[in-house]
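Q: What follows is a single structure, and I will ask about it in a moment.
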Amino acid sequence: MAAEAVIVDVIRTPSGRGKPGGALSDIHPADLLAGVLVELLHRNGLDPALVDDVIGGCVTQAGEQAGNITRTAVLSAGFPESVPGVTIDRQCGSSQQAAAFAAQGVIAGAYDIVIACGVESMSRAPMGSNVGGASIGGALLTHRYPDGLVNQGVSAELIAEQWGFPRTELDDFAARSHALAASAASSGAFDGELVPVPTPDSGSVMADETIRPGTTPDALAALKPSFRTEALAERFPQLDWRITPGNSSPLTDGASAALIMSAEAAERLGLRPRARFHSFAVAGSDPLLMLTGVLPATRKVLDRSGLRLDEIDAYEVNEAFAPIPLLWQREFDTDPAKLNPHGGAIALGHALGSSGTRLLATLLSELEASGGRYGLQTMCEGGGTANATIIEVLR
């Protein structure tokens, strides 16, 4: 009989602005992740020698984030040298995939106790610095896509155009994200998932730096588009270029981690599982419209779960860009109050490799506070893939 994979705890750092001078920008990313690993085990009184593996997500694996940063963080956290670590890259969904791999390993009997985590310091390892000007793909990819692929911002523009989302709707959604996140922060809704981060100046970062209380659609309307170039405008003359810094997720520094184990191991150790993993899915999509992968991934995870969407109590759809959750909402015609009810990445930040387990932390907090049972999270990813996961709260 397959083991049941449960979540004992999941935590995150506050979100720091991913640029020089950001609240977390003076902290090496390995140290940022190490601090979360230490706190995760400290909160649960767990001997690190019992951890079978640490699976971490990180997208820009260059510079300080190169060389298997998860293993570096494990050693930096003071774990026994016998505890391994591996770093994976499924773009924005890297740590959501880490959690899926961890849970699937438990279900398969390969692990008893495992940590899924993620880190990204976009201030210290700038997005794209691992590419270094190299061509992504060779002659075979060019043959298949002779017109070339595009970056995610242009993909968001194409989605906004194809599905008819006006700039006003995108900015309204972005303002909603900040308002919900600000309300959640002031009410203490994030307190159970946030862990303070000591800084080199003997201070401490306690709250998300990326939330902008009082953000209004009128203020966002003044921002200029981020991704228009003359070459792209010539290639895509149908676009009116409506994706801006205001309706996109900001560059962010952060780390997060989840303690995952078999239900039997939790019982043996006297730990109370907060939730169990119910269903998983990953899907591919058109790499030009790469951010639409959340649609087939959601359909697949629902098919596998046997649940209807109206049976799910909260949805976390990553706000990489405003058109993505809006497209998801329109496609599935769901209750908008259940969609990112504590705000999303537009306000809370998108520290790429950390975002999957960050969403998991927020989703679990939302469900426990509201009395909900099932939660779904889904994440669009560069290159045209997406993850979807359903969890079930245990009480």
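By order in the structure tokens, chains are A, B, ...; within a chain, residues start at 1; ligands start at 1, following the order shown.
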Find the spatial neighbours of stretch 137-147 of chain A, counting only C-alpha atoms, within a cut-off of 10 Å - ignore same-chain residues fewer than 6 positions away - and output them as a PyMOL selection string.

A: chain A and resi 235+287-288

Q: Per residue of stretch 230-293 of chain A within 12 Å of stretch 82-91 of chain A, note the shortest atom pair and the distance in Å to one decimal, counting only C-alpha atoms, and order the rows by chain and increasing residue number, as JSON lines.

A:
```
{"residue": "A:Val282", "atom": "CA", "partner": "A:Arg90", "partner_atom": "CA", "distance": 10.5}
{"residue": "A:Ala283", "atom": "CA", "partner": "A:Arg90", "partner_atom": "CA", "distance": 11.7}
{"residue": "A:Gly284", "atom": "CA", "partner": "A:Arg90", "partner_atom": "CA", "distance": 11.6}
{"residue": "A:Met290", "atom": "CA", "partner": "A:Gln91", "partner_atom": "CA", "distance": 11.5}
{"residue": "A:Leu291", "atom": "CA", "partner": "A:Gln91", "partner_atom": "CA", "distance": 11.6}
```

Q: Please produce, as CSV, a per-residue contact table for stretch 173-224 of chain A versus stretch 341-345 of chain A (criterion: any atom at most 12 Å away, only C-alpha atoms considered), showing the nearest atom pair and its distance in Å to one decimal, sorted by chain then residue number.

A:
```
residue,atom,partner,partner_atom,distance
A:Phe173,CA,A:Gly343,CA,9.8
A:Ala174,CA,A:Gly344,CA,9.0
A:Ala175,CA,A:Gly343,CA,9.6
A:Arg176,CA,A:Gly343,CA,7.2
A:Ser177,CA,A:Gly343,CA,4.2
A:His178,CA,A:Gly343,CA,6.3
A:Ala179,CA,A:Gly343,CA,7.4
A:Leu180,CA,A:Gly343,CA,4.8
A:Ala181,CA,A:Gly343,CA,4.5
A:Ala182,CA,A:Gly343,CA,8.1
A:Ser183,CA,A:His342,CA,7.8
A:Ala184,CA,A:His342,CA,5.7
A:Ala185,CA,A:His342,CA,8.5
A:Ser186,CA,A:His342,CA,11.1
A:Ser187,CA,A:His342,CA,10.6
A:Gly188,CA,A:His342,CA,11.1
A:Ala189,CA,A:His342,CA,8.2
A:Phe190,CA,A:His342,CA,8.9
A:Asp208,CA,A:Ala345,CA,11.2
A:Thr210,CA,A:Ala345,CA,9.1
A:Ile211,CA,A:Gly343,CA,9.4
A:Arg212,CA,A:Gly343,CA,11.4
A:Pro213,CA,A:Gly343,CA,11.6
```

Q: Those selected residues, please, written with C-alpha atoms and delivered as a PDB file, in the first residue's frame.

A:
```pdb
ATOM      1  CA  PHE A 173      -6.475  43.193 -10.860  1.00  0.00           C
ATOM      2  CA  ALA A 174      -3.019  44.397  -9.844  1.00  0.00           C
ATOM      3  CA  ALA A 175      -4.513  46.934  -7.431  1.00  0.00           C
ATOM      4  CA  ARG A 176      -6.679  44.142  -5.998  1.00  0.00           C
ATOM      5  CA  SER A 177      -3.574  42.045  -5.344  1.00  0.00           C
ATOM      6  CA  HIS A 178      -1.944  44.810  -3.317  1.00  0.00           C
ATOM      7  CA  ALA A 179      -5.153  45.578  -1.415  1.00  0.00           C
ATOM      8  CA  LEU A 180      -5.709  41.931  -0.449  1.00  0.00           C
ATOM      9  CA  ALA A 181      -2.062  41.400   0.521  1.00  0.00           C
ATOM     10  CA  ALA A 182      -1.988  44.584   2.585  1.00  0.00           C
ATOM     11  CA  SER A 183      -5.179  43.548   4.384  1.00  0.00           C
ATOM     12  CA  ALA A 184      -3.818  40.056   5.034  1.00  0.00           C
ATOM     13  CA  ALA A 185      -0.535  41.429   6.369  1.00  0.00           C
ATOM     14  CA  SER A 186      -2.233  43.889   8.698  1.00  0.00           C
ATOM     15  CA  SER A 187      -4.589  41.208  10.031  1.00  0.00           C
ATOM     16  CA  GLY A 188      -1.719  38.825  10.830  1.00  0.00           C
ATOM     17  CA  ALA A 189      -2.756  36.288   8.188  1.00  0.00           C
ATOM     18  CA  PHE A 190       0.867  35.727   7.159  1.00  0.00           C
ATOM     19  CA  ASP A 208       7.075  41.647   2.872  1.00  0.00           C
ATOM     20  CA  THR A 210       6.939  44.225  -2.060  1.00  0.00           C
ATOM     21  CA  ILE A 211       3.413  45.042  -0.867  1.00  0.00           C
ATOM     22  CA  ARG A 212       2.322  48.582  -1.763  1.00  0.00           C
ATOM     23  CA  PRO A 213      -0.668  49.542   0.374  1.00  0.00           C
TER      24      PRO A 213
END
```

Q: Which is closest to A:Val393 among A:Lys224, A:Arg299, A:Arg272, A:Arg304, if we use only C-alpha atoms?

A: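 Nearest candidate to A:Val393 out of A:Lys224, A:Arg299, A:Arg272, A:Arg304: A:Arg272.
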
Q: A:Ala222: which residues within 12 Å, counting only C-alpha atoms, same-chain residues fewer than 2 positions away excluded, as a ChimeraX atom specification?

A: /A:167-168,171,216-220,224-225,242,244-247

Q: Write out, as a CSV table (one decimal), in the first residue's frame, the residues just selected, with C-alpha atoms.

A:
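Saved file selection-v6.csv follows:
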```csv
chain,number,residue,atom,x,y,z
A,167,ARG,CA,-5.2,47.6,-19.8
A,168,THR,CA,-7.8,48.8,-17.2
A,171,ASP,CA,-4.4,47.3,-13.6
A,216,THR,CA,-4.7,52.4,-7.1
A,217,PRO,CA,-5.6,51.7,-10.7
A,218,ASP,CA,-5.2,55.4,-11.6
A,219,ALA,CA,-1.6,55.3,-10.3
A,220,LEU,CA,-0.9,52.1,-12.2
A,224,LYS,CA,4.7,52.6,-19.3
A,225,PRO,CA,4.8,49.2,-21.0
A,242,ARG,CA,-0.3,46.8,-22.0
A,244,THR,CA,3.8,47.2,-17.2
A,245,PRO,CA,5.8,46.9,-14.0
A,246,GLY,CA,2.5,47.5,-12.2
A,247,ASN,CA,0.6,44.6,-13.5
```

Q: Sort by chain and increasing residue number a table of all residues of stretch 211-288 of chain A within 10 Å of stretch 93-97 of chain A, each with its closest pair of atoms and their distance in Å to one decimal, counting only C-alpha atoms, and write it as CSV.

A:
```
residue,atom,partner,partner_atom,distance
A:Ala255,CA,A:Ser95,CA,9.8
A:Ser256,CA,A:Ser95,CA,8.6
A:Ala257,CA,A:Ser95,CA,8.6
A:Ala258,CA,A:Ser95,CA,9.7
A:Phe280,CA,A:Gln97,CA,9.5
A:Ala281,CA,A:Gln97,CA,9.7
A:Val282,CA,A:Gln97,CA,8.7
```
